[in-house]
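The file protein-v5.cif comes next; it holds mmCIF, C-alpha atoms.
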data_data
#
loop_
_atom_site.group_PDB
_atom_site.id
_atom_site.type_symbol
_atom_site.label_atom_id
_atom_site.label_comp_id
_atom_site.auth_asym_id
_atom_site.auth_seq_id
_atom_site.Cartn_x
_atom_site.Cartn_y
_atom_site.Cartn_z
ATOM 1 C CA MET A 200 0.000 0.000 0.000
ATOM 2 C CA PRO A 201 1.471 3.372 -0.944
ATOM 3 C CA VAL A 202 2.060 6.305 1.368
ATOM 4 C CA TYR A 203 0.981 9.808 0.470
ATOM 5 C CA HIS A 204 2.118 13.389 0.921
ATOM 6 C CA GLY A 205 -0.044 16.385 0.025
ATOM 7 C CA THR A 206 1.547 19.711 -0.854
ATOM 8 C CA ASP A 207 1.437 22.692 -3.238
ATOM 9 C CA GLU A 208 2.201 22.088 -6.902
ATOM 10 C CA ASN A 209 5.574 23.858 -6.845
ATOM 11 C CA SER A 210 6.849 21.777 -3.945
ATOM 12 C CA ALA A 211 5.408 18.656 -5.551
ATOM 13 C CA ARG A 212 7.221 19.333 -8.819
ATOM 14 C CA ASN A 213 10.516 19.770 -6.985
ATOM 15 C CA ILE A 214 10.041 16.566 -5.007
ATOM 16 C CA VAL A 215 9.184 14.518 -8.105
ATOM 17 C CA GLN A 216 12.028 15.954 -10.176
ATOM 18 C CA ASP A 217 14.757 16.289 -7.559
ATOM 19 C CA GLY A 218 13.789 14.050 -4.659
ATOM 20 C CA LEU A 219 13.876 15.343 -1.095
ATOM 21 C CA ASP A 220 16.187 18.297 -0.566
ATOM 22 C CA PRO A 221 16.682 19.842 2.905
ATOM 23 C CA ARG A 222 17.193 23.256 1.345
ATOM 24 C CA ALA A 223 13.888 23.208 -0.508
ATOM 25 C CA TRP A 224 12.142 21.831 2.590
ATOM 26 C CA GLU A 225 13.433 24.658 4.759
ATOM 27 C CA GLU A 226 12.584 27.258 2.119
ATOM 28 C CA ALA A 227 9.033 26.046 1.468
ATOM 29 C CA ALA A 228 8.193 26.130 5.173
ATOM 30 C CA GLY A 229 8.462 29.902 5.260
ATOM 31 C CA GLY A 230 8.512 31.877 8.482
ATOM 32 C CA ALA A 231 6.931 29.136 10.563
ATOM 33 C CA GLY A 232 9.614 26.628 9.673
ATOM 34 C CA PRO A 233 9.299 22.924 8.920
ATOM 35 C CA ASP A 234 8.095 20.205 11.267
ATOM 36 C CA PHE A 235 11.062 19.038 13.304
ATOM 37 C CA LYS A 236 9.977 15.440 12.941
ATOM 38 C CA GLY A 237 10.739 15.554 9.225
ATOM 39 C CA PHE A 238 8.951 15.027 5.925
ATOM 40 C CA CYS A 239 5.562 13.578 6.763
ATOM 41 C CA VAL A 240 3.768 10.829 4.840
ATOM 42 C CA THR A 241 0.474 9.173 5.613
ATOM 43 C CA ASP A 242 -1.447 6.127 4.516
ATOM 44 C CA ASN A 243 -4.626 8.220 4.648
ATOM 45 C CA LEU A 244 -5.279 9.527 1.123
ATOM 46 C CA ARG A 245 -8.012 11.869 2.331
ATOM 47 C CA HIS A 246 -5.697 13.477 4.858
ATOM 48 C CA ALA A 247 -3.077 13.959 2.160
ATOM 49 C CA GLU A 248 -5.684 15.612 -0.035
ATOM 50 C CA ASP A 249 -6.590 18.013 2.779
ATOM 51 C CA TRP A 250 -2.945 18.913 3.264
ATOM 52 C CA ALA A 251 -2.517 19.474 -0.478
ATOM 53 C CA LYS A 252 -5.449 21.884 -0.461
ATOM 54 C CA TRP A 253 -4.140 23.738 2.582
ATOM 55 C CA ARG A 254 -0.543 24.024 1.386
ATOM 56 C CA ALA A 255 -1.701 25.280 -2.002
ATOM 57 C CA LEU A 256 -3.926 27.893 -0.397
ATOM 58 C CA GLU A 257 -1.309 28.927 2.145
ATOM 59 C CA ARG A 258 1.629 29.150 -0.261
ATOM 60 C CA LEU A 259 0.071 29.973 -3.628
ATOM 61 C CA GLY A 260 -3.188 31.684 -2.792
ATOM 62 C CA PRO A 261 -6.753 30.864 -3.808
ATOM 63 C CA ASP A 262 -5.779 29.974 -7.389
ATOM 64 C CA GLY A 263 -2.985 27.663 -6.341
ATOM 65 C CA LYS A 264 -3.104 23.969 -7.024
ATOM 66 C CA GLY A 265 -2.365 21.179 -4.615
ATOM 67 C CA VAL A 266 -0.863 17.851 -5.561
ATOM 68 C CA ILE A 267 -0.938 14.514 -3.781
ATOM 69 C CA LEU A 268 2.249 12.487 -4.128
ATOM 70 C CA GLU A 269 2.560 8.777 -3.556
ATOM 71 C CA ALA A 270 5.488 6.469 -3.008
ATOM 72 C CA ASP A 271 6.246 2.858 -2.203
ATOM 73 C CA PRO A 272 7.026 2.817 1.526
ATOM 74 C CA ASP A 273 9.655 0.136 0.903
ATOM 75 C CA GLN A 274 11.660 2.746 -1.003
ATOM 76 C CA LEU A 275 11.582 5.264 1.832
ATOM 77 C CA PRO A 276 13.620 5.524 5.076
ATOM 78 C CA LEU A 277 10.475 5.893 7.186
ATOM 79 C CA GLN A 278 10.441 6.486 10.916
ATOM 80 C CA LEU A 279 7.633 6.437 13.415
ATOM 81 C CA GLY A 280 7.179 9.317 15.804
ATOM 82 C CA GLN A 281 9.418 8.941 18.837
ATOM 83 C CA ALA A 282 8.451 9.146 22.496
ATOM 84 C CA GLY A 283 7.127 12.628 23.207
ATOM 85 C CA GLU A 284 6.395 13.354 19.541
ATOM 86 C CA TRP A 285 2.810 13.543 18.355
ATOM 87 C CA ALA A 286 1.866 11.810 15.140
ATOM 88 C CA ASP A 287 -1.539 11.263 13.609
ATOM 89 C CA PRO A 288 -2.605 7.659 13.049
ATOM 90 C CA GLY A 289 -0.917 6.302 9.950
ATOM 91 C CA GLU A 290 1.635 9.082 9.903
ATOM 92 C CA ARG A 291 5.336 8.417 9.472
ATOM 93 C CA PHE A 292 8.340 10.618 8.791
ATOM 94 C CA ILE A 293 11.520 10.867 6.794
ATOM 95 C CA ARG A 294 14.169 12.547 8.965
ATOM 96 C CA PRO A 295 16.041 15.433 7.321
ATOM 97 C CA GLU A 296 19.329 13.553 7.636
ATOM 98 C CA ASP A 297 17.789 10.824 5.428
ATOM 99 C CA PHE A 298 16.495 13.106 2.666
ATOM 100 C CA ALA A 299 19.430 12.370 0.382
ATOM 101 C CA ALA A 300 18.260 8.740 0.231
ATOM 102 C CA VAL A 301 15.049 9.799 -1.549
ATOM 103 C CA GLY A 302 15.960 10.704 -5.090
ATOM 104 C CA PRO A 303 14.099 11.790 -8.215
ATOM 105 C CA GLY A 304 11.098 9.734 -9.242
ATOM 106 C CA VAL A 305 10.551 8.012 -5.899
ATOM 107 C CA PHE A 306 7.491 10.166 -5.327
ATOM 108 C CA LYS A 307 4.922 10.378 -8.143
ATOM 109 C CA PRO A 308 1.830 12.575 -8.437
ATOM 110 C CA VAL A 309 -1.490 10.944 -7.730
ATOM 111 C CA ASN A 310 -3.804 13.837 -8.419
ATOM 112 C CA VAL A 311 -3.493 17.281 -9.920
ATOM 113 C CA GLY A 312 -5.598 20.245 -8.973
ATOM 114 C CA ALA A 313 -6.677 19.062 -5.536
ATOM 115 C CA MET B 54 19.754 28.395 -1.925
ATOM 116 C CA GLY B 55 21.393 27.334 1.305
ATOM 117 C CA PHE B 56 20.967 27.371 5.051
ATOM 118 C CA LEU B 57 22.811 27.432 8.331
ATOM 119 C CA LYS B 58 20.858 26.009 11.243
ATOM 120 C CA LEU B 59 21.574 25.676 14.937
ATOM 121 C CA ASN B 60 19.415 22.752 15.972
ATOM 122 C CA VAL B 61 18.644 21.527 19.484
ATOM 123 C CA TYR B 62 15.727 19.247 18.575
ATOM 124 C CA GLY B 63 16.368 15.930 20.283
ATOM 125 C CA HIS B 64 19.744 17.236 21.388
ATOM 126 C CA PRO B 65 21.278 15.312 24.328
ATOM 127 C CA SER B 66 21.689 18.575 26.251
ATOM 128 C CA GLY B 67 17.913 18.934 26.465
ATOM 129 C CA ALA B 68 18.360 22.655 25.806
ATOM 130 C CA THR B 69 15.805 24.877 24.128
ATOM 131 C CA PHE B 70 16.004 28.431 22.881
ATOM 132 C CA ASP B 71 14.063 31.485 24.017
ATOM 133 C CA PRO B 72 13.054 32.907 20.621
ATOM 134 C CA ASP B 73 12.445 36.374 22.049
ATOM 135 C CA ALA B 74 15.954 36.481 23.476
ATOM 136 C CA VAL B 75 17.415 35.126 20.248
ATOM 137 C CA ILE B 76 15.686 37.824 18.219
ATOM 138 C CA GLN B 77 17.150 40.459 20.517
ATOM 139 C CA ARG B 78 20.606 38.990 19.961
ATOM 140 C CA VAL B 79 20.038 38.923 16.186
ATOM 141 C CA LYS B 80 19.110 42.598 16.166
ATOM 142 C CA GLU B 81 22.194 43.466 18.195
ATOM 143 C CA ALA B 82 24.504 41.497 15.911
ATOM 144 C CA PHE B 83 22.804 42.531 12.656
ATOM 145 C CA PRO B 84 21.280 45.989 13.254
ATOM 146 C CA ASP B 85 19.649 46.222 9.807
ATOM 147 C CA THR B 86 17.421 43.252 10.593
ATOM 148 C CA THR B 87 13.669 43.560 10.192
ATOM 149 C CA VAL B 88 11.535 41.249 12.298
ATOM 150 C CA LEU B 89 8.234 40.215 10.742
ATOM 151 C CA PRO B 90 5.298 40.834 13.073
ATOM 152 C CA GLY B 91 3.862 38.043 15.122
ATOM 153 C CA ASP B 92 4.407 34.398 15.941
ATOM 154 C CA GLN B 93 4.467 32.737 12.504
ATOM 155 C CA LEU B 94 3.189 29.426 13.860
ATOM 156 C CA ALA B 95 0.246 31.111 15.597
ATOM 157 C CA LEU B 96 -0.496 33.139 12.478
ATOM 158 C CA GLY B 97 -0.558 29.924 10.483
ATOM 159 C CA VAL B 98 -3.178 28.495 12.813
ATOM 160 C CA GLU B 99 -5.291 31.636 12.487
ATOM 161 C CA ARG B 100 -5.077 31.565 8.691
ATOM 162 C CA ALA B 101 -6.011 27.886 8.572
ATOM 163 C CA GLU B 102 -9.034 28.528 10.799
ATOM 164 C CA ALA B 103 -10.114 31.576 8.809
ATOM 165 C CA LEU B 104 -9.756 29.875 5.422
ATOM 166 C CA GLY B 105 -11.548 26.677 6.350
ATOM 167 C CA ALA B 106 -8.740 24.146 6.407
ATOM 168 C CA ALA B 107 -9.724 20.615 7.429
ATOM 169 C CA ASP B 108 -10.060 19.996 11.168
ATOM 170 C CA HIS B 109 -7.102 17.605 11.382
ATOM 171 C CA VAL B 110 -4.911 20.140 9.544
ATOM 172 C CA ILE B 111 -5.825 22.827 12.070
ATOM 173 C CA GLU B 112 -5.228 20.438 14.953
ATOM 174 C CA THR B 113 -1.770 19.564 13.650
ATOM 175 C CA LEU B 114 -0.896 23.223 13.202
ATOM 176 C CA ARG B 115 -2.072 23.928 16.762
ATOM 177 C CA ARG B 116 0.029 21.095 18.150
ATOM 178 C CA ASN B 117 3.059 22.264 16.209
ATOM 179 C CA ARG B 118 2.562 25.778 17.559
ATOM 180 C CA LYS B 119 2.402 24.437 21.102
ATOM 181 C CA ALA B 120 5.329 22.033 20.742
ATOM 182 C CA GLN B 121 7.675 24.043 18.547
ATOM 183 C CA GLY B 122 6.802 27.691 18.945
ATOM 184 C CA PRO B 123 6.828 30.556 19.111
ATOM 185 C CA ALA B 124 8.389 31.159 15.690
ATOM 186 C CA TYR B 125 9.740 34.540 14.743
ATOM 187 C CA ALA B 126 10.848 35.385 11.209
ATOM 188 C CA PHE B 127 13.278 38.093 10.223
ATOM 189 C CA GLU B 128 15.146 39.474 7.234
ATOM 190 C CA THR B 129 18.643 40.876 7.086
ATOM 191 C CA PRO B 130 19.950 42.652 3.983
ATOM 192 C CA ILE B 131 23.121 41.376 2.366
ATOM 193 C CA PRO B 132 25.604 44.116 1.400
ATOM 194 C CA GLY B 133 25.449 44.402 -2.350
ATOM 195 C CA GLY B 134 21.953 43.016 -2.619
ATOM 196 C CA GLY B 135 19.773 40.149 -1.510
ATOM 197 C CA LEU B 136 18.316 39.065 1.792
ATOM 198 C CA ILE B 137 19.040 36.554 4.487
ATOM 199 C CA ARG B 138 15.775 35.149 5.799
ATOM 200 C CA GLY B 139 15.886 33.874 9.332
ATOM 201 C CA ARG B 140 13.789 32.050 11.875
ATOM 202 C CA ALA B 141 14.051 31.714 15.624
ATOM 203 C CA ARG B 142 12.024 28.927 17.215
ATOM 204 C CA ARG B 143 12.159 26.851 20.355
ATOM 205 C CA TYR B 144 14.424 24.216 18.817
ATOM 206 C CA ASP B 145 16.315 26.036 16.093
ATOM 207 C CA VAL B 146 17.762 29.251 14.789
ATOM 208 C CA THR B 147 18.049 29.171 11.010
ATOM 209 C CA PHE B 148 19.452 31.453 8.343
ATOM 210 C CA LEU B 149 18.350 30.888 4.724
ATOM 211 C CA TYR B 150 19.972 32.568 1.771
ATOM 212 C CA ASP B 151 20.398 32.404 -1.978
ATOM 213 C CA ALA B 152 23.793 30.825 -2.537
ATOM 214 C CA PRO B 153 26.554 31.764 -2.849
ATOM 215 C CA LEU B 154 26.879 33.779 0.319
ATOM 216 C CA PRO B 155 29.883 36.111 0.713
ATOM 217 C CA GLU B 156 32.378 34.223 2.835
ATOM 218 C CA GLU B 157 32.785 37.022 5.352
ATOM 219 C CA LEU B 158 29.038 37.102 5.957
ATOM 220 C CA ARG B 159 28.854 33.313 6.216
ATOM 221 C CA THR B 160 31.572 33.472 8.853
ATOM 222 C CA ARG B 161 29.622 36.128 10.787
ATOM 223 C CA LEU B 162 26.496 33.984 10.715
ATOM 224 C CA ILE B 163 28.400 30.934 11.929
ATOM 225 C CA GLU B 164 30.043 32.939 14.697
ATOM 226 C CA PHE B 165 26.661 34.283 15.751
ATOM 227 C CA LEU B 166 25.189 30.791 15.935
ATOM 228 C CA ARG B 167 28.232 29.562 17.841
ATOM 229 C CA SER B 168 27.683 32.364 20.354
ATOM 230 C CA LEU B 169 24.336 30.829 21.308
ATOM 231 C CA GLY B 170 26.408 28.124 22.899
ATOM 232 C CA VAL B 171 24.522 24.865 22.439
ATOM 233 C CA GLY B 172 23.244 22.627 19.683
ATOM 234 C CA LYS B 173 24.203 21.098 16.407
ATOM 235 C CA LEU B 174 25.271 23.572 13.736
ATOM 236 C CA GLU B 175 24.015 22.215 10.407
ATOM 237 C CA ALA B 176 24.854 23.463 6.947
ATOM 238 C CA SER B 177 23.221 22.628 3.654
ATOM 239 C CA THR B 178 25.327 21.174 0.850
ATOM 240 C CA ALA B 179 24.954 20.808 -2.893
ATOM 241 C CA THR B 180 24.595 17.038 -2.523
ATOM 242 C CA LYS B 181 21.505 17.334 -0.259
ATOM 243 C CA GLN B 182 23.449 15.948 2.658
ATOM 244 C CA ILE B 183 23.378 17.974 5.861
ATOM 245 C CA GLU B 184 26.872 18.811 7.051
ATOM 246 C CA ILE B 185 27.412 19.094 10.803
ATOM 247 C CA LEU B 186 29.867 21.931 11.362
ATOM 248 C CA PHE B 187 29.827 21.817 15.176
ATOM 249 C CA ASP B 188 28.001 20.070 17.973
ATOM 250 C CA TRP B 189 28.031 21.607 21.429
ATOM 251 C CA ALA B 190 26.927 19.002 23.900
ATOM 252 C CA GLN B 191 26.161 21.225 26.834
ATOM 253 C CA PRO B 192 24.625 24.689 27.107
ATOM 254 C CA ALA B 193 27.091 27.426 27.966
ATOM 255 C CA LEU B 194 26.412 29.232 31.208
ATOM 256 C CA ASP B 195 24.818 32.705 31.302
ATOM 257 C CA GLN B 196 24.069 32.759 27.581
ATOM 258 C CA GLY B 197 20.561 33.895 28.325
ATOM 259 C CA VAL B 198 19.086 32.103 25.344
#
Please express the file's structure as structure tokens.
Amino acid sequence: MPVYHGTDENSARNIVQDGLDPRAWEEAAGGAGPDFKGFCVTDNLRHAEDWAKWRALERLGPDGKGVILEADPDQLPLQLGQAGEWADPGERFIRPEDFAAVGPGVFKPVNVGA
Amino acid sequence: MGFLKLNVYGHPSGATFDPDAVIQRVKEAFPDTTVLPGDQLALGVERAEALGAADHVIETLRRNRKAQGPAYAFETPIPGGGLIRGRARRYDVTFLYDAPLPEELRTRLIEFLRSLGVGKLEASTATKQIEILFDWAQPALDQGV
């Protein structure tokens, strides 16, 4: 079963084309900064869709598009939340120090214009 | 683009930063700095609520605000053009910039982060690896941050 990540279309394009890059992750997070736990994926497609909508609205405005990405979890260095860290059910993370292990094409778009 | 980040998340010292104190230190070290108004994590929650984001999205943003905030954002002009964009949060102080950064300025940023006295100093690289420049295991006394 794949895992999903919902985001704005610009971030999605970068992730598909370049893989996970700590620089892009830090930049996209803006003034609030990224989640310390890392790059979040979920097995809940609906949740990923909601995040895609929110990130598109937050980062690109009302005309922005969200994209849901999917990947084979066996190709990802996934971690569960650690003691003291909150994670939604079905949520796992890729730690920033592991981003280099996720290259181009590992994530693929599921939906366009969420 | 690139970044320099002093990170205490999960650090064995157990230290955290006081973002208000860090911002004061940033303004003293880089007097041309402009601090954006408000806690950026709290503002994100407000925007999500106002724009009708899904309930679980809002809940996650609220938890992140509580666990990781406050978050203050600032901008510092680079001599000759460009901006350094910065963040001060409970677990990190980060400078982001469009590479390449003048070496003298990069050194000033590193020295500033070192002066905060605790944490792992991380630098971005062209290979997407994160380079650890320093790791201070214990907080320095009377740093006030």
Notebook entry, point to check: What residues in chain A lie within 9 Å of chain B, counting all atoms listed in the file, written as a VMD selection string?
Noted result: chain A and resid 219 to 223 225 to 226 229 to 232 234 to 236 246 249 to 250 252 to 253 256 to 257 284 to 287 295 to 299
Margin query: So that I can see what lies close to Gly205 of chain A, please list as a PyMOL selection string the residues with an atom at most 6 Å from it, counting all atoms listed in the file and leaving out residues fewer than 6 positions away in the same chain.
Written below: chain A and resi 247-248+250-251+266-267
Check: atom CA of Arg212 of chain A and atom CA of Ala152 of chain B, how far apart in Å?
Finding: 21.1 Å
Next item on the list: Starting from the displayed file, determine the output of the PyMOL selection byres ((chain B and resi 64) around 10) and express the residue list as number ranges by chain.
Entry: B: 60-63, 65-69, 144, 171-173, 188-191
Check: When distances are computed from only C-alpha atoms, which of A:Cys239, A:Glu269, A:Pro276, A:Leu259 shows the smallest separation from Lys307 of chain A?
Finding: A:Glu269
Next item on the list: Evaluate the PyMOL selection byres ((chain B and resi 159-162) around 10) here and jot the selected residues down as a PyMOL selection string.
Entry: chain B and resi 56-58+79+82-83+147-148+150+153-158+163-168
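The coordinates place atom CA of Gly170 of chain B at 28.8 Å from atom CA of Phe292 of chain A.
You can rank B:Thr129, B:Leu59, B:Ile185, B:Arg115 by their closest distance to Val98 of chain B using all atoms listed in the file, and at the top of that list sits B:Arg115.
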Write out as an mmCIF file with C-alpha atoms, keeping the file's coordinate frame which residues come within 7 Å of Pro303 of chain A when counting all atoms listed in the file, dropping same-chain ones fewer than 4 positions away.
data_model
loop_
_atom_site.group_PDB
_atom_site.id
_atom_site.type_symbol
_atom_site.label_atom_id
_atom_site.label_comp_id
_atom_site.auth_asym_id
_atom_site.auth_seq_id
_atom_site.Cartn_x
_atom_site.Cartn_y
_atom_site.Cartn_z
ATOM 1 C CA VAL A 215 9.184 14.518 -8.105
ATOM 2 C CA GLN A 216 12.028 15.954 -10.176
ATOM 3 C CA ASP A 217 14.757 16.289 -7.559
ATOM 4 C CA GLY A 218 13.789 14.050 -4.659
#
Enclose all atoms of segment 152-161 of chain B listed in the file in an axis-aligned box, grow every side by 8 Å, and hand back centre and edge lengths in Å to one decimal, as AutoDock Vina command-line options.
--center_x 28.3 --center_y 34.0 --center_z 4.0 --size_x 25.0 --size_y 22.3 --size_z 29.6
Margin query: Would you pick out the contacts of Thr241 of chain A at 8 Å or less, using only C-alpha atoms, so that residues sharing its chain but fewer than 2 positions from it are not included, and give the list as a PyMOL selection string?
Written below: chain A and resi 202-204+239+243-244+246-247+289-291
Check: Separation of atom CA of Pro308 of chain A and atom CA of Glu99 of chain B, in Å?
Finding: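 Distance between the two atoms: 29.2 Å.
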Check: Which of these, A:Ile293, A:Ala228, A:Ala211, A:Met200, has the shortest distance to Ala270 of chain A once you count all atoms listed in the file?
Finding: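 So, comparing all the options, the nearest one is A:Met200.
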Regenerate segment 243-276 of chain A at the level of N, CA and C atoms and dump it as an mmCIF file, in the frame of the given file.
data_model
loop_
_atom_site.group_PDB
_atom_site.id
_atom_site.type_symbol
_atom_site.label_atom_id
_atom_site.label_comp_id
_atom_site.auth_asym_id
_atom_site.auth_seq_id
_atom_site.Cartn_x
_atom_site.Cartn_y
_atom_site.Cartn_z
ATOM 1 N N ASN A 243 -3.263 7.715 4.770
ATOM 2 C CA ASN A 243 -4.626 8.220 4.648
ATOM 3 C C ASN A 243 -4.698 9.192 3.464
ATOM 4 N N LEU A 244 -5.231 8.711 2.344
ATOM 5 C CA LEU A 244 -5.279 9.527 1.123
ATOM 6 C C LEU A 244 -6.103 10.796 1.343
ATOM 7 N N ARG A 245 -7.161 10.701 2.101
ATOM 8 C CA ARG A 245 -8.012 11.869 2.331
ATOM 9 C C ARG A 245 -7.261 12.949 3.102
ATOM 10 N N HIS A 246 -6.493 12.520 4.109
ATOM 11 C CA HIS A 246 -5.697 13.477 4.858
ATOM 12 C C HIS A 246 -4.678 14.156 3.951
ATOM 13 N N ALA A 247 -4.060 13.377 3.078
ATOM 14 C CA ALA A 247 -3.077 13.959 2.160
ATOM 15 C C ALA A 247 -3.744 14.978 1.236
ATOM 16 N N GLU A 248 -4.953 14.681 0.815
ATOM 17 C CA GLU A 248 -5.684 15.612 -0.035
ATOM 18 C C GLU A 248 -5.959 16.921 0.713
ATOM 19 N N ASP A 249 -6.339 16.812 1.976
ATOM 20 C CA ASP A 249 -6.590 18.013 2.779
ATOM 21 C C ASP A 249 -5.328 18.850 2.930
ATOM 22 N N TRP A 250 -4.201 18.179 3.158
ATOM 23 C CA TRP A 250 -2.945 18.913 3.264
ATOM 24 C C TRP A 250 -2.574 19.552 1.932
ATOM 25 N N ALA A 251 -2.812 18.888 0.828
ATOM 26 C CA ALA A 251 -2.517 19.474 -0.478
ATOM 27 C C ALA A 251 -3.329 20.756 -0.681
ATOM 28 N N LYS A 252 -4.596 20.700 -0.317
ATOM 29 C CA LYS A 252 -5.449 21.884 -0.461
ATOM 30 C C LYS A 252 -4.933 23.018 0.416
ATOM 31 N N TRP A 253 -4.576 22.686 1.671
ATOM 32 C CA TRP A 253 -4.140 23.738 2.582
ATOM 33 C C TRP A 253 -2.813 24.343 2.131
ATOM 34 N N ARG A 254 -1.852 23.501 1.777
ATOM 35 C CA ARG A 254 -0.543 24.024 1.386
ATOM 36 C C ARG A 254 -0.650 24.881 0.129
ATOM 37 N N ALA A 255 -1.515 24.475 -0.795
ATOM 38 C CA ALA A 255 -1.701 25.280 -2.002
ATOM 39 C C ALA A 255 -2.292 26.647 -1.648
ATOM 40 N N LEU A 256 -3.285 26.638 -0.779
ATOM 41 C CA LEU A 256 -3.926 27.893 -0.397
ATOM 42 C C LEU A 256 -2.955 28.789 0.369
ATOM 43 N N GLU A 257 -2.226 28.169 1.288
ATOM 44 C CA GLU A 257 -1.309 28.927 2.145
ATOM 45 C C GLU A 257 -0.157 29.520 1.338
ATOM 46 N N ARG A 258 0.390 28.751 0.404
ATOM 47 C CA ARG A 258 1.629 29.150 -0.261
ATOM 48 C C ARG A 258 1.394 29.825 -1.615
ATOM 49 N N LEU A 259 0.286 29.487 -2.269
ATOM 50 C CA LEU A 259 0.071 29.973 -3.628
ATOM 51 C C LEU A 259 -1.173 30.840 -3.765
ATOM 52 N N GLY A 260 -1.988 30.877 -2.716
ATOM 53 C CA GLY A 260 -3.188 31.684 -2.792
ATOM 54 C C GLY A 260 -4.373 30.900 -3.315
ATOM 55 N N PRO A 261 -5.514 31.573 -3.467
ATOM 56 C CA PRO A 261 -6.753 30.864 -3.808
ATOM 57 C C PRO A 261 -6.729 30.189 -5.180
ATOM 58 N N ASP A 262 -5.859 30.618 -6.069
ATOM 59 C CA ASP A 262 -5.779 29.974 -7.389
ATOM 60 C C ASP A 262 -4.705 28.894 -7.452
ATOM 61 N N GLY A 263 -4.050 28.659 -6.353
ATOM 62 C CA GLY A 263 -2.985 27.663 -6.341
ATOM 63 C C GLY A 263 -3.520 26.251 -6.397
ATOM 64 N N LYS A 264 -2.699 25.372 -6.913
ATOM 65 C CA LYS A 264 -3.104 23.969 -7.024
ATOM 66 C C LYS A 264 -2.318 23.116 -6.038
ATOM 67 N N GLY A 265 -3.015 22.148 -5.463
ATOM 68 C CA GLY A 265 -2.365 21.179 -4.615
ATOM 69 C C GLY A 265 -2.151 19.891 -5.364
ATOM 70 N N VAL A 266 -1.181 19.129 -4.923
ATOM 71 C CA VAL A 266 -0.863 17.851 -5.561
ATOM 72 C C VAL A 266 -0.647 16.815 -4.470
ATOM 73 N N ILE A 267 -1.194 15.626 -4.687
ATOM 74 C CA ILE A 267 -0.938 14.514 -3.781
ATOM 75 C C ILE A 267 0.144 13.660 -4.413
ATOM 76 N N LEU A 268 1.178 13.361 -3.667
ATOM 77 C CA LEU A 268 2.249 12.487 -4.128
ATOM 78 C C LEU A 268 2.106 11.134 -3.452
ATOM 79 N N GLU A 269 2.542 10.105 -4.153
ATOM 80 C CA GLU A 269 2.560 8.777 -3.556
ATOM 81 C C GLU A 269 3.908 8.122 -3.778
ATOM 82 N N ALA A 270 4.234 7.203 -2.889
ATOM 83 C CA ALA A 270 5.488 6.469 -3.008
ATOM 84 C C ALA A 270 5.323 5.088 -2.381
ATOM 85 N N ASP A 271 6.184 4.192 -2.796
ATOM 86 C CA ASP A 271 6.246 2.858 -2.203
ATOM 87 C C ASP A 271 6.984 2.980 -0.872
ATOM 88 N N PRO A 272 6.352 2.641 0.242
ATOM 89 C CA PRO A 272 7.026 2.817 1.526
ATOM 90 C C PRO A 272 8.322 2.012 1.640
ATOM 91 N N ASP A 273 8.428 0.930 0.845
ATOM 92 C CA ASP A 273 9.655 0.136 0.903
ATOM 93 C C ASP A 273 10.852 0.881 0.303
ATOM 94 N N GLN A 274 10.579 1.951 -0.424
ATOM 95 C CA GLN A 274 11.660 2.746 -1.003
ATOM 96 C C GLN A 274 12.018 3.951 -0.144
ATOM 97 N N LEU A 275 11.393 4.078 1.012
ATOM 98 C CA LEU A 275 11.582 5.264 1.832
ATOM 99 C C LEU A 275 12.182 4.903 3.190
ATOM 100 N N PRO A 276 13.069 5.735 3.718
ATOM 101 C CA PRO A 276 13.620 5.524 5.076
ATOM 102 C C PRO A 276 12.653 6.084 6.128
#
